[in-house]
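Containing mmCIF, C-alpha atoms and all ligand atoms: query_14.cif.
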```
data_coords
#
loop_
_atom_site.label_atom_id
_atom_site.label_comp_id
_atom_site.auth_asym_id
_atom_site.auth_seq_id
_atom_site.Cartn_x
_atom_site.Cartn_y
_atom_site.Cartn_z
CA MET V 1 7.65 -17.62 -5.40
CA THR V 2 8.05 -18.28 -1.69
CA THR V 3 6.16 -16.25 0.87
CA ASN V 4 8.06 -14.85 3.85
CA PRO V 5 6.54 -16.65 6.87
CA ARG V 6 7.34 -13.80 9.27
CA VAL V 7 5.37 -11.34 7.12
CA ARG V 8 2.64 -13.87 6.29
CA ASP V 9 2.03 -14.62 9.99
CA TRP V 10 2.13 -10.98 11.06
CA THR V 11 -1.18 -9.48 12.19
CA GLU V 12 -2.10 -6.11 13.60
CA ALA V 13 -2.68 -7.81 17.00
CA GLU V 14 1.12 -7.60 17.35
CA LEU V 15 0.88 -3.82 17.53
CA ASP V 16 -1.10 -4.12 20.78
CA VAL V 17 -2.96 -0.83 20.26
CA PRO V 18 -6.54 -0.48 19.02
CA GLY V 19 -6.69 1.02 15.53
CA GLU V 20 -8.82 4.10 15.08
CA LEU V 21 -10.45 5.18 11.85
CA ARG V 22 -8.85 8.08 10.06
CA GLU V 23 -10.31 10.21 7.28
CA VAL V 24 -8.95 9.44 3.81
CA VAL V 25 -7.77 12.53 1.92
CA ARG V 26 -8.29 12.96 -1.80
CA ALA V 27 -6.25 14.44 -4.62
CA PRO V 28 -5.16 17.18 -5.01
CA ALA V 29 -4.27 17.30 -1.28
CA ALA V 30 -0.62 18.42 -1.10
CA VAL V 31 0.36 15.55 1.22
CA LEU V 32 -0.37 13.08 -1.61
CA SER V 33 2.35 14.60 -3.81
CA ALA V 34 5.04 14.96 -1.14
CA VAL V 35 7.78 12.42 -0.47
CA GLY V 36 7.05 10.86 2.92
CA ASP V 37 9.54 11.02 5.79
CA VAL V 38 11.59 8.00 6.77
CA VAL V 39 10.20 6.84 10.13
CA ASP V 40 11.41 5.05 13.25
CA PRO V 41 9.28 1.89 13.08
CA THR V 42 9.54 1.38 16.86
CA SER V 43 8.14 4.79 17.81
CA PRO V 44 4.70 4.79 19.50
CA ASP V 45 3.37 7.27 16.91
CA VAL V 46 4.30 4.94 14.07
CA VAL V 47 2.80 1.92 15.85
CA ARG V 48 -0.46 3.85 16.33
CA LEU V 49 -0.40 5.00 12.71
CA ALA V 50 0.11 1.39 11.56
CA ALA V 51 -2.90 0.23 13.61
CA ASP V 52 -5.02 3.11 12.28
CA LEU V 53 -4.10 2.33 8.67
CA VAL V 54 -5.15 -1.31 9.07
CA ALA V 55 -8.41 -0.32 10.81
CA THR V 56 -9.26 2.20 8.10
CA MET V 57 -8.41 -0.25 5.31
CA ARG V 58 -10.66 -2.88 6.90
CA VAL V 59 -13.78 -0.70 6.92
CA SER V 60 -13.27 0.45 3.33
CA PRO V 61 -14.94 -1.95 0.88
CA GLY V 62 -12.59 -3.27 -1.80
CA CYS V 63 -9.58 -1.54 -0.24
CA VAL V 64 -6.39 -3.63 -0.62
CA GLY V 65 -3.93 -1.12 0.76
CA LEU V 66 -3.61 2.26 2.42
CA ALA V 67 -0.59 4.53 2.83
CA ALA V 68 0.11 7.16 5.49
CA PRO V 69 -0.14 10.13 3.06
CA GLN V 70 -3.72 9.02 2.33
CA VAL V 71 -4.65 9.75 5.92
CA GLY V 72 -2.78 13.06 5.83
CA VAL V 73 0.55 11.88 7.32
CA GLY V 74 3.67 12.42 5.22
CA ALA V 75 5.48 9.24 6.26
CA LYS V 76 6.79 6.05 4.67
CA VAL V 77 4.28 3.64 6.21
CA PHE V 78 1.57 1.60 4.51
CA CYS V 79 -0.59 -1.49 4.95
CA VAL V 80 -1.60 -4.08 2.38
CA ASP V 81 -4.06 -6.97 2.39
CA VAL V 82 -5.02 -8.57 -0.91
CA SER V 83 -6.32 -11.81 0.64
CA GLU V 84 -9.99 -11.04 -0.08
CA HIS V 85 -9.41 -9.96 -3.64
CA PRO V 86 -10.57 -12.33 -6.40
CA LYS V 87 -7.46 -11.66 -8.52
CA THR V 88 -5.15 -12.86 -5.76
CA ARG V 89 -2.94 -15.94 -5.92
CA GLU V 90 -0.19 -16.32 -3.31
CA HIS V 91 -0.04 -13.52 -0.76
CA HIS V 92 1.11 -12.49 2.73
CA GLY V 93 -2.27 -11.51 4.21
CA THR V 94 -2.36 -8.31 6.25
CA PHE V 95 0.89 -6.54 6.96
CA VAL V 96 2.38 -3.09 7.47
CA LEU V 97 5.78 -1.97 6.20
CA CYS V 98 7.82 1.08 7.13
CA ASN V 99 10.50 2.67 4.91
CA ALA V 100 9.84 0.08 2.19
CA GLU V 101 11.54 -0.01 -1.18
CA VAL V 102 11.41 -2.19 -4.26
CA VAL V 103 14.72 -4.04 -4.50
CA SER V 104 14.11 -5.70 -7.86
CA GLY V 105 11.32 -6.30 -10.33
CA SER V 106 10.64 -8.21 -13.53
CA ARG V 107 7.93 -9.15 -16.02
CA ASN V 108 6.08 -5.92 -16.76
CA GLU V 109 2.31 -6.21 -16.96
CA LYS V 110 -0.36 -3.60 -17.61
CA ALA V 111 -3.48 -3.59 -15.41
CA ARG V 112 -6.23 -1.29 -14.21
CA GLU V 113 -5.77 0.46 -10.85
CA GLY V 114 -7.99 2.54 -8.61
CA CYS V 115 -7.37 4.48 -5.41
CA MET V 116 -9.46 5.78 -2.52
CA SER V 117 -7.71 9.14 -2.91
CA VAL V 118 -8.70 9.34 -6.59
CA PRO V 119 -12.28 8.09 -6.35
CA ASP V 120 -13.55 9.24 -9.75
CA PHE V 121 -10.97 7.57 -12.00
CA THR V 122 -9.18 4.34 -12.76
CA GLY V 123 -6.10 3.95 -14.92
CA ASP V 124 -3.97 1.44 -16.80
CA VAL V 125 -0.51 1.19 -15.25
CA LYS V 126 2.40 -0.94 -16.39
CA ARG V 127 4.41 -2.41 -13.48
CA PRO V 128 6.64 -5.41 -12.78
CA SER V 129 4.49 -8.40 -11.78
CA ARG V 130 7.23 -10.07 -9.71
CA ILE V 131 9.11 -7.98 -7.20
CA VAL V 132 11.29 -8.14 -4.13
CA VAL V 133 10.48 -5.56 -1.45
CA ARG V 134 12.47 -4.67 1.62
CA GLY V 135 11.11 -2.78 4.63
CA GLN V 136 10.70 -2.80 8.40
CA LEU V 137 7.87 -4.11 10.53
CA PRO V 138 6.22 -1.56 12.84
CA GLY V 139 6.72 -2.23 16.53
CA THR V 140 9.73 -4.52 16.46
CA GLY V 141 11.47 -2.64 13.65
CA GLU V 142 12.73 -5.92 12.15
CA GLU V 143 14.02 -5.65 8.60
CA VAL V 144 12.17 -8.01 6.28
CA GLU V 145 12.45 -8.87 2.62
CA LEU V 146 9.64 -10.49 0.68
CA GLU V 147 8.85 -11.69 -2.79
CA ALA V 148 5.47 -10.74 -4.18
CA GLU V 149 3.77 -11.41 -7.48
CA ALA V 150 0.71 -10.53 -9.48
CA PHE V 151 -1.93 -8.54 -7.63
CA GLU V 152 0.03 -8.32 -4.35
CA ALA V 153 3.09 -7.00 -6.22
CA ARG V 154 0.91 -4.34 -7.84
CA ALA V 155 -0.68 -3.32 -4.52
CA LEU V 156 2.76 -3.02 -2.88
CA GLN V 157 4.12 -0.82 -5.66
CA HIS V 158 1.01 1.35 -5.58
CA GLU V 159 1.46 1.91 -1.81
CA ILE V 160 5.23 2.47 -2.02
CA ASP V 161 4.47 5.07 -4.71
CA HIS V 162 2.12 6.87 -2.28
CA CYS V 163 4.98 7.05 0.22
CA ASP V 164 7.09 8.68 -2.51
CA GLY V 165 4.39 11.22 -3.40
CA LEU V 166 3.17 9.44 -6.55
CA LEU V 167 -0.37 8.51 -7.59
CA PHE V 168 -1.31 5.91 -10.20
CA LEU V 169 -2.26 8.87 -12.40
CA ASP V 170 1.45 9.77 -12.49
CA ARG V 171 2.22 6.27 -13.78
CA ALA V 172 -0.56 5.97 -16.37
CA ALA V 173 0.61 6.09 -19.97
CA GLY V 174 -1.38 9.27 -20.64
CA ALA V 175 -4.92 10.67 -20.71
CA HIS V 176 -6.03 7.79 -22.95
CA ALA V 177 -5.11 5.36 -20.14
CA VAL V 178 -7.30 7.09 -17.54
CA TYR V 179 -11.00 6.27 -17.27
CA ALA V 180 -13.98 7.76 -15.42
CA ARG V 181 -15.13 5.28 -12.80
CA LYS V 182 -18.58 3.94 -13.57
CA THR V 183 -19.11 1.66 -10.61
CA TYR V 184 -18.40 2.33 -6.97
CA LEU V 185 -17.55 -0.51 -4.64
ZN ZN K 1 -3.88 4.58 -3.69
#
```

Would you kindly transcribe this structure into structure tokens?
Ligand SMILES: [Zn+2]
Amino acid sequence: MTTNPRVRDWTEAELDVPGELREVVRAPAAVLSAVGDVVDPTSPDVVRLAADLVATMRVSPGCVGLAAPQVGVGAKVFCVDVSEHPKTREHHGTFVLCNAEVVSGSRNEKAREGCMSVPDFTGDVKRPSRIVVRGQLPGTGEEVELEAEAFEARALQHEIDHCDGLLFLDRAAGAHAVYARKTYL
């Protein structure tokens, strides 16, 4: 796998607006099951939203990604940062993508997922462990394509799902694949 240097070197400093903390909504909030709107990545509202998502992710222990619907905004925008996670191998650090989609995926793997919007449960979800994702960077609106694998690939798919109105619970194999959370980070 090769990391995309443009995405890897991106930081929220590029947005040039201070991120503010937003409240994270929990299931069954309707916004979490709605398909998010396609956004203009250059609009000031989207740039502010991108900064707020990163700021809110940063103050949330163990949080490796946050999508706009989780802060009550029905839009296709999310941030990811798996760099601090022990399961991480190669990664792109912190970045935000707008209007992202999975272009291709391979090598299905099952793993446990959690979500700030579903705080009482975790679940086993099968997803491709190598993917190609395409999206746009907030601010400049540049189109970027990146390869991701392992934990970063999983985090990206989890966040893209949020933008499409899906929770990991919708992807779990059934009630037997959902577990009450015993420990809180
Ligand atoms: Zn989530």

Exercise for the section: Counting all atoms listed in the file, select every polymer residue within 9 Å of (-12.3, -0.9, -4.4) as defined in the file's coordinates, and provide the selection as a PyMOL selection string. Expected result: chain V and resi 60-64+114-116+184-185

Practice task
Could you give me the residues within 8 Å of ligand ZN 1 (chain K), counting only C-alpha atoms and all ligand atoms, as a list in words?
Solution key: Gly65, Leu66, Ala67, Gln70, Gly114, Cys115, Met116, Ser117, Val118, His158, Glu159, His162, Leu167 and Phe168 of chain V

Handout entry: Nearest-residue call for Cys79 (chain V), choices V:Glu152, V:Glu147, V:Glu23, V:Asp40, using only C-alpha atoms
Key =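 Under the stated criterion, the closest residue is V:Glu152.
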
Any idea what's packed within 8 Å of region 46-58 of chain V, counting all atoms listed in the file, ignoring anything in its chain fewer than 4 positions away? Could you give it as a short mmCIF file (atom, residue, chain, number, x, y, z; two decimals) with C-alpha atoms, in the coordinates of the input?
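Output contents, as saved in part.cif:
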```cif
data_model
loop_
_atom_site.label_atom_id
_atom_site.label_comp_id
_atom_site.auth_asym_id
_atom_site.auth_seq_id
_atom_site.Cartn_x
_atom_site.Cartn_y
_atom_site.Cartn_z
CA GLU V 12 -2.10 -6.11 13.60
CA LEU V 15 0.88 -3.82 17.53
CA VAL V 17 -2.96 -0.83 20.26
CA PRO V 18 -6.54 -0.48 19.02
CA GLY V 19 -6.69 1.02 15.53
CA GLU V 20 -8.82 4.10 15.08
CA LEU V 21 -10.45 5.18 11.85
CA ARG V 22 -8.85 8.08 10.06
CA VAL V 39 10.20 6.84 10.13
CA ASP V 40 11.41 5.05 13.25
CA PRO V 41 9.28 1.89 13.08
CA THR V 42 9.54 1.38 16.86
CA CYS V 63 -9.58 -1.54 -0.24
CA VAL V 64 -6.39 -3.63 -0.62
CA GLY V 65 -3.93 -1.12 0.76
CA LEU V 66 -3.61 2.26 2.42
CA ALA V 67 -0.59 4.53 2.83
CA ALA V 68 0.11 7.16 5.49
CA VAL V 71 -4.65 9.75 5.92
CA VAL V 77 4.28 3.64 6.21
CA PHE V 78 1.57 1.60 4.51
CA CYS V 79 -0.59 -1.49 4.95
CA VAL V 96 2.38 -3.09 7.47
CA PRO V 138 6.22 -1.56 12.84
CA GLY V 139 6.72 -2.23 16.53
#
```

Which polymer residues have any atom within 9 Å of an atom of Phe121 (chain V), counting only C-alpha atoms, with same-chain residues fewer than 4 positions away left out, as a compact mmCIF listing (two decimals) with C-alpha atoms, in the coordinates of the input?
```txt
# COMPACT_ATOMS: atom_id res chain seq x y z
CA GLU V 113 -5.77 0.46 -10.85
CA GLY V 114 -7.99 2.54 -8.61
CA CYS V 115 -7.37 4.48 -5.41
CA LEU V 169 -2.26 8.87 -12.40
CA VAL V 178 -7.30 7.09 -17.54
CA TYR V 179 -11.00 6.27 -17.27
CA ALA V 180 -13.98 7.76 -15.42
CA ARG V 181 -15.13 5.28 -12.80
CA LYS V 182 -18.58 3.94 -13.57
```

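With all atoms listed in the file as the atoms that count, the residue of V:Lys87, V:His92, V:Lys110, V:Arg127 with the shortest distance to Pro5 (chain V) is V:His92.
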
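The shortest atom-to-atom distance to Glu142 (chain V), with all atoms listed in the file taken into account, belongs to V:Val7 out of V:Val102, V:Leu32, V:Val82, V:Val7.
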
Practice task
Counting only C-alpha atoms, figure out which residue out of V:Asp124, V:Glu149, V:Glu143, V:Glu84 gets nearest to Ala173 (chain V).
Solution key: V:Asp124

Practice task
Considering all atoms listed in the file, state which residue in the set V:Glu14, V:Asp170, V:Glu145, V:Asp9 is at the smallest distance from Asn99 (chain V).
Solution key: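 Checking each candidate against Asn99 (chain V), we get V:Glu145 as the closest.
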